[in-house]
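Report on the structure given below.
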Amino acid sequence: MNNGAILSGKGLSKKYGDLKVVRDVSLSVNAGEFVCLVGKSGCGKTTLLSLLSGLERPTTGLVMLEGKDITSATEDELALFRRKNVGFVFQSFNLIPTLSAWENVALPLFPVKMNEDERKRRALELLDKMELGPRTEHLPSALSGGEKQRVAIARALINRPKILFADEPIGNLDSATGDAIMEILNRLHREEGVAILMVTHEAELAKTADRLVRMHDGEVIS
Amino acid sequence: MNLHYLMNELYYQKRRTLTAILGLSIGIALLIILNALSAAYRQAAHAPLKEIGADITVQRPGDVPKDLTGVVFPCSAVTIRDDQVKKIEGLPGVRGVGKAVLLWIFDPSRAWIVLGVEQQNSVGPAVLRSAVTEGRYLEPGKPEALVEISYARQFGIKVGDTITMANTSFPVVGLVDASRAAKIAISNVYVPLEEAQKLAAASSQVQSVSPFSPSDVNLLFIKADQDKITDLASALRNIVDKKATIGTPESFLKLLGSLFALSDKFTMAASLIAVIIAVLIAFKTMAGNIAERAREIGILKAVGWTNHNVVSQLLAESVIQCFLAGLLGLLIALVVAFGLSFMKVNIPIPWDMSPTPHFLPGGGDQIFKTLRLPVHIPWNLACFGILLSVVIGGVTGAMLGRTISRIKPSEVLRHE
């Protein structure tokens, strides 16, 4: 599928002191495309994802989202950019422990001026899609790993993002639950046309992706 | 700011919330109690003067007469001239002056402590009117006497009797329980001021120690504006005598000797320490709490919360927590104040202010005004305590919120 690049990084490098973690990487993701970024632990996958998603600024290089340069944006502009355009799914779920499942899903909408009922309706709708209808009022501590990740995916989708960034989304799950989560991501990509950039160290998981990008020692090798 | 998120955070993170609230509430309670206690001692120090219907008493010490016979002045209260009284009446801040003459009368068969009072003046010993237990109070223009009840019992004096002091007879029109009214200038017999002035002016013993004309007095009771009492005390010394005994709430406060009674500076310093402790506790607890939430803040920023959104949320949490701490602090202070209000305080009355010949029974005994410490928390102090908590919460929340909001989500969200 190639509907034109919605996200592109050009000549991206990231240094922490003398350590160069990402070296002159250029990568683009087309609208509706599922790209899998694979490589061994410590090869710079997560850092590259952070650079492309606006969580981190590159030392050199440029990130463009829908033609707009986000590397020169301020902290708050980046936050708003993430709120409107980007969804995140993390390995360790990163749910807020004091909020119920539906409140966690609605978290990105809290700063948005919106009717509370509308906020809840949208969150419940997504949780329903994730087959978590009966668990909406549960705190994360009462949910299984797979349920937590499904809540995290629903949260990532609440703002109808153009692209979903998934960082080792099944790294903390058993294989059956991991398969179920991968099925959800694939379905989102297939049925809803959401572009996905997924980071994983398991090349096996990349089979279902449209494109595979391999990294080694901070560089894209294929 | 999301209220639901705020309430969940406070409710589900009970340990964090309670630690922050308890720490600050103790500081606020300490602040309120210290100030309430200080105000209570201050109010207690007013009691001896208030019960005699005055804010200030003025006496001038003099010499002891050669012979203690006939009518004499106690050495702690000699003549205050009429012109001096008129000057005092004109001082700014003076709202009323009560005049009196305190005499010791030594007759061959009996010794009397006599106080000449202005019957109609509400300032000064006229408050005795409410302490008459039998008969009636003194009426203007009549040479009559009120006898203190215990003295009357001791010597079998009844209403309707006539007593003779320094060869002057006075019909007894009433008995008065002076101990119920006041501890200052306690006497055995109360007569109209002009009668006491006549007795003093006619006494060679008085004149030899301190020249006295029939319009002079030796004891003044002054009602004054509260904020001018200190200034008036020095002005009175300038008019009467540098060595004059000026009884003020402040002088009684010093007699109490308590740390709280010693000075405003102590209360101020102690309050400041309490506030600093409260602020440090709040800051340390909340800084710890917020540091624990670095990952959570990272999540909020990752999903699109701006720095302003994060600061607003943390600020609101902090303000609510501190408001609750203020309420709890006030509650603790109310309970402690209730307990302290059962404490009794003994205010010593200097001998000078209620002089009794040492050789008479009980003459050298220290007189005390005993009362329950009037500890209460005025609404303005309560509001100040709560407002201070909220301000501490606001400042702490804003400072810590601004610091933590600068966190980079990528730094805290990297998976293990």
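Going through the structure tokens in order, the chains are called A, B, and so on, while each chain numbers its residues from 1 and the ligands are numbered from 1 in the order shown.
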
_chain A contacts on chain B, only C-alpha atoms, 9 Å, as a ChimeraX atom specification_ = /B:1-2,4-5,8-13,295-296,299-309,406,408-411,413-416

*In segment 162-218 of chain B, what's strand (DSSP E) per DSSP? Answer as a list in words?*
Thr162, Ile163, Thr164, Met165, Thr168, Ser169, Phe170, Pro171, Val172, Val173, Gly174, Leu175, Val176, Val189, Tyr190, Val191 and Pro192 of chain B

I need the chosen residues saved as a compact mmCIF listing (two decimals), in the first residue's frame, with C-alpha atoms.
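The resulting file, selection-v7.txt, is shown below:
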# COMPACT_ATOMS: atom_id res chain seq x y z
CA THR B 162 -23.17 53.16 111.87
CA ILE B 163 -19.41 52.87 111.70
CA THR B 164 -17.01 55.53 112.90
CA MET B 165 -13.66 55.99 111.18
CA THR B 168 -16.39 60.49 111.25
CA SER B 169 -19.58 58.46 111.31
CA PHE B 170 -21.01 56.67 108.27
CA PRO B 171 -24.28 54.78 108.13
CA VAL B 172 -23.80 51.32 106.58
CA VAL B 173 -26.19 51.12 103.59
CA GLY B 174 -25.02 47.85 102.12
CA LEU B 175 -22.68 44.89 102.18
CA VAL B 176 -20.56 44.11 99.17
CA VAL B 189 -15.08 49.96 103.47
CA TYR B 190 -16.24 51.91 100.42
CA VAL B 191 -17.34 55.53 100.85
CA PRO B 192 -18.14 58.39 98.43

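Ranking B:Ser389, B:Thr356, B:Thr285, B:Ser122 by their shortest atom-to-atom distance to Gly23 of chain B, with only C-alpha atoms included, puts B:Thr285 first.
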
Between segment 16-80 of chain B and segment 369-373 of chain B, at 7 Å or less, what are the per-residue closest atom pairs and their distances in Å? Count only C-alpha atoms, order by chain and rising residue number, and return it as CSV.
residue,atom,partner,partner_atom,distance
B:Ala40,CA,B:Leu373,CA,6.1
B:Tyr41,CA,B:Leu373,CA,6.9
B:Ala44,CA,B:Leu373,CA,6.6
B:Pro48,CA,B:Lys369,CA,6.6

The selected residues should be written to file as a short mmCIF file (atom, residue, chain, number, x, y, z; two decimals), in the first residue's frame (atoms: C-alpha atoms).
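This is the output file result31.cif:
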data_model
loop_
_atom_site.label_atom_id
_atom_site.label_comp_id
_atom_site.auth_asym_id
_atom_site.auth_seq_id
_atom_site.Cartn_x
_atom_site.Cartn_y
_atom_site.Cartn_z
CA ALA B 40 -5.54 33.72 75.50
CA TYR B 41 -2.73 34.89 77.80
CA ALA B 44 -6.23 36.73 80.65
CA PRO B 48 -7.69 42.02 86.59
#

*asked:* Give me, as an NGL selection string, all polymer residues having an atom no more than 10 Å from Ile153 of chain A, counting only C-alpha atoms and skipping those fewer than 4 positions away in the same chain.
replied: :A and (87-90 or 93 or 105 or 126-127 or 130 or 147-149 or 157-158 or 164 or 166 or 169 or 181 or 184-185 or 188)

*asked:* Please report the interatomic distance between atom CA of Ser38 of chain B and atom CA of Leu330 of chain B in Å with one decimal.
replied: 16.5 Å

*asked:* What does the structure give for the distance between atom CA of Arg119 of chain A and atom CA of Thr136 of chain A, in Å to one decimal?
replied: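 These atoms are spaced 13.3 Å apart.
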
*Measure the distance from atom CA of Leu199 of chain B to atom CA of Val240 of chain B in Å and round it to one decimal.*
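Separation between atom CA of Leu199 of chain B and atom CA of Val240 of chain B: 22.4 Å.
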
*Distance query Gly90 of chain B at most 12 Å, only C-alpha atoms, self and fewer than 4 positions along chain excluded, as a PyMOL selection string*: chain B and resi 83-86+94-97+222+224+232+235-236+239

Could you pull the residues within 12 Å of Gln226 of chain B, counting only C-alpha atoms, minus those fewer than 4 positions along the same chain, as a short mmCIF file (atom, residue, chain, number, x, y, z; two decimals) with N, CA and C atoms, in the first residue's frame?
data_model
loop_
_atom_site.label_atom_id
_atom_site.label_comp_id
_atom_site.auth_asym_id
_atom_site.auth_seq_id
_atom_site.Cartn_x
_atom_site.Cartn_y
_atom_site.Cartn_z
N GLN B 43 -5.55 37.96 76.72
CA GLN B 43 -6.91 38.22 77.21
C GLN B 43 -6.95 38.02 78.73
N HIS B 46 -5.81 40.87 80.67
CA HIS B 46 -6.76 41.98 80.74
C HIS B 46 -7.70 41.85 81.94
N ALA B 54 -11.50 49.04 84.00
CA ALA B 54 -10.46 49.94 83.49
C ALA B 54 -9.50 49.20 82.57
N ASP B 55 -8.67 49.98 81.86
CA ASP B 55 -7.60 49.40 81.05
C ASP B 55 -6.24 49.73 81.65
N ILE B 56 -6.22 50.79 82.44
CA ILE B 56 -4.97 51.23 83.04
C ILE B 56 -5.26 51.71 84.47
N PRO B 92 -4.81 62.08 74.29
CA PRO B 92 -5.47 61.33 73.21
C PRO B 92 -5.47 59.84 73.51
N GLY B 93 -6.61 59.23 73.30
CA GLY B 93 -6.73 57.79 73.57
C GLY B 93 -7.40 57.49 74.89
N VAL B 94 -7.52 58.51 75.75
CA VAL B 94 -8.20 58.30 77.04
C VAL B 94 -9.70 58.47 76.82
N ARG B 95 -10.45 57.41 77.15
CA ARG B 95 -11.90 57.46 76.92
C ARG B 95 -12.69 57.76 78.19
N ILE B 222 -8.29 54.18 84.31
CA ILE B 222 -8.45 54.81 83.00
C ILE B 222 -8.97 53.81 81.98
N THR B 230 -0.05 51.38 75.35
CA THR B 230 1.41 51.44 75.58
C THR B 230 1.91 52.88 75.54
N ASP B 231 1.46 53.64 74.55
CA ASP B 231 1.88 55.04 74.44
C ASP B 231 1.40 55.84 75.64
N LEU B 232 0.15 55.52 76.07
CA LEU B 232 -0.41 56.27 77.21
C LEU B 232 0.41 56.01 78.48
N ALA B 233 0.89 54.77 78.64
CA ALA B 233 1.63 54.43 79.86
C ALA B 233 2.83 55.37 80.03
N THR B 248 -1.04 48.00 83.47
CA THR B 248 -1.61 47.81 82.12
C THR B 248 -1.71 46.31 81.85
N PRO B 249 -2.48 45.92 80.84
CA PRO B 249 -2.51 44.48 80.49
C PRO B 249 -1.09 43.96 80.24
N GLU B 250 -0.26 44.81 79.63
CA GLU B 250 1.11 44.41 79.32
C GLU B 250 1.89 44.11 80.60
#

_List as number ranges by chain the protein and nucleic acid residues near segment 30-43 of chain A, meaning an atom at most 8 Å away when only C-alpha atoms are counted, but skip any in the same chain fewer than 3 places from it._
A: 1-7, 21, 162-163, 189, 193-203, 206, 209-219

Take the residues that were just selected and, keeping N, CA and C atoms, output them as a tab-separated table (two decimals), in the first residue's frame.
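Result file is part_11.tsv:
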chain	number	residue	atom	x	y	z
A	1	MET	N	0.85	-1.19	0.00
A	1	MET	CA	0.00	0.00	0.00
A	1	MET	C	0.89	1.26	0.00
A	2	ASN	N	0.69	2.19	-0.91
A	2	ASN	CA	1.49	3.41	-0.91
A	2	ASN	C	0.61	4.61	-1.22
A	3	ASN	N	0.20	5.29	-0.16
A	3	ASN	CA	-0.69	6.45	-0.32
A	3	ASN	C	0.07	7.76	-0.10
A	4	GLY	N	1.40	7.74	-0.22
A	4	GLY	CA	2.21	8.94	0.05
A	4	GLY	C	2.65	8.95	1.48
A	5	ALA	N	3.90	9.46	1.74
A	5	ALA	CA	4.46	9.42	3.10
A	5	ALA	C	3.74	10.40	4.01
A	6	ILE	N	3.27	9.88	5.13
A	6	ILE	CA	2.72	10.83	6.12
A	6	ILE	C	3.80	11.19	7.14
A	7	LEU	N	4.77	10.32	7.24
A	7	LEU	CA	5.86	10.57	8.20
A	7	LEU	C	7.18	10.27	7.52
A	21	VAL	N	23.69	6.91	19.14
A	21	VAL	CA	22.71	5.81	19.22
A	21	VAL	C	22.02	5.59	17.87
A	162	LYS	N	-3.20	9.55	13.00
A	162	LYS	CA	-2.82	9.19	11.63
A	162	LYS	C	-1.83	8.04	11.66
A	163	ILE	N	-1.08	7.97	12.76
A	163	ILE	CA	-0.09	6.91	12.86
A	163	ILE	C	0.03	6.41	14.30
A	189	HIS	N	-4.91	-1.97	11.17
A	189	HIS	CA	-4.22	-1.59	9.94
A	189	HIS	C	-5.06	-1.94	8.71
A	193	GLY	N	-7.24	1.28	8.30
A	193	GLY	CA	-6.22	1.98	7.52
A	193	GLY	C	-5.28	2.82	8.36
A	194	VAL	N	-5.10	2.44	9.63
A	194	VAL	CA	-4.19	3.20	10.50
A	194	VAL	C	-2.74	2.81	10.16
A	195	ALA	N	-1.90	3.82	9.95
A	195	ALA	CA	-0.48	3.54	9.71
A	195	ALA	C	0.16	3.13	11.03
A	196	ILE	N	1.02	2.13	10.97
A	196	ILE	CA	1.64	1.64	12.21
A	196	ILE	C	3.15	1.54	12.00
A	197	LEU	N	3.89	2.06	12.99
A	197	LEU	CA	5.34	1.82	13.01
A	197	LEU	C	5.62	1.05	14.29
A	198	MET	N	5.97	-0.23	14.11
A	198	MET	CA	6.14	-1.08	15.29
A	198	MET	C	7.61	-1.46	15.46
A	199	VAL	N	8.07	-1.34	16.67
A	199	VAL	CA	9.44	-1.73	17.00
A	199	VAL	C	9.40	-3.09	17.68
A	200	THR	N	10.21	-4.02	17.21
A	200	THR	CA	10.29	-5.33	17.88
A	200	THR	C	11.68	-5.94	17.67
A	201	HIS	N	12.06	-6.80	18.56
A	201	HIS	CA	13.34	-7.50	18.33
A	201	HIS	C	13.07	-8.90	17.78
A	202	GLU	N	11.75	-9.26	17.62
A	202	GLU	CA	11.40	-10.58	17.10
A	202	GLU	C	11.01	-10.47	15.62
A	203	ALA	N	11.90	-10.91	14.76
A	203	ALA	CA	11.66	-10.79	13.33
A	203	ALA	C	10.39	-11.55	12.91
A	206	ALA	N	7.28	-9.61	12.42
A	206	ALA	CA	7.25	-8.67	11.30
A	206	ALA	C	6.64	-9.26	10.04
A	209	ALA	N	3.73	-7.43	8.57
A	209	ALA	CA	3.91	-6.02	8.22
A	209	ALA	C	4.04	-5.84	6.71
A	210	ASP	N	3.73	-4.60	6.25
A	210	ASP	CA	3.90	-4.31	4.82
A	210	ASP	C	5.38	-4.20	4.47
A	211	ARG	N	6.13	-3.70	5.45
A	211	ARG	CA	7.54	-3.45	5.17
A	211	ARG	C	8.36	-3.73	6.43
A	212	LEU	N	9.53	-4.26	6.19
A	212	LEU	CA	10.42	-4.58	7.30
A	212	LEU	C	11.67	-3.71	7.18
A	213	VAL	N	12.02	-3.06	8.29
A	213	VAL	CA	13.24	-2.24	8.30
A	213	VAL	C	14.15	-2.81	9.37
A	214	ARG	N	15.37	-3.16	8.97
A	214	ARG	CA	16.29	-3.75	9.94
A	214	ARG	C	17.28	-2.70	10.40
A	215	MET	N	17.58	-2.74	11.71
A	215	MET	CA	18.57	-1.81	12.26
A	215	MET	C	19.69	-2.58	12.91
A	216	HIS	N	20.87	-2.00	12.82
A	216	HIS	CA	22.01	-2.59	13.51
A	216	HIS	C	22.96	-1.47	13.90
A	217	ASP	N	23.27	-1.43	15.16
A	217	ASP	CA	24.23	-0.45	15.67
A	217	ASP	C	23.89	0.99	15.24
A	218	GLY	N	22.60	1.32	15.34
A	218	GLY	CA	22.16	2.69	15.08
A	218	GLY	C	21.93	3.01	13.61
A	219	GLU	N	22.12	2.04	12.75
A	219	GLU	CA	21.93	2.31	11.32
A	219	GLU	C	20.89	1.38	10.72

*Please identify which residues in segment 141-283 of chain B DSSP calls helix (DSSP H, G or I) from the backbone, and express them as a PyMOL selection string.*
chain B and resi 149-155+178-181+193-201+204-209+226-239+249-256+259-262+264-283

*Show which residues sit within 8 Å of Leu314 of chain B, as a list of chain:residue names. Count only C-alpha atoms, and ignore same-chain residues fewer than 2 positions away.*
B:Val310, B:Val311, B:Ser312, B:Ala316, B:Glu317, B:Ser318, B:Gly397, B:Ala398, B:Gly401
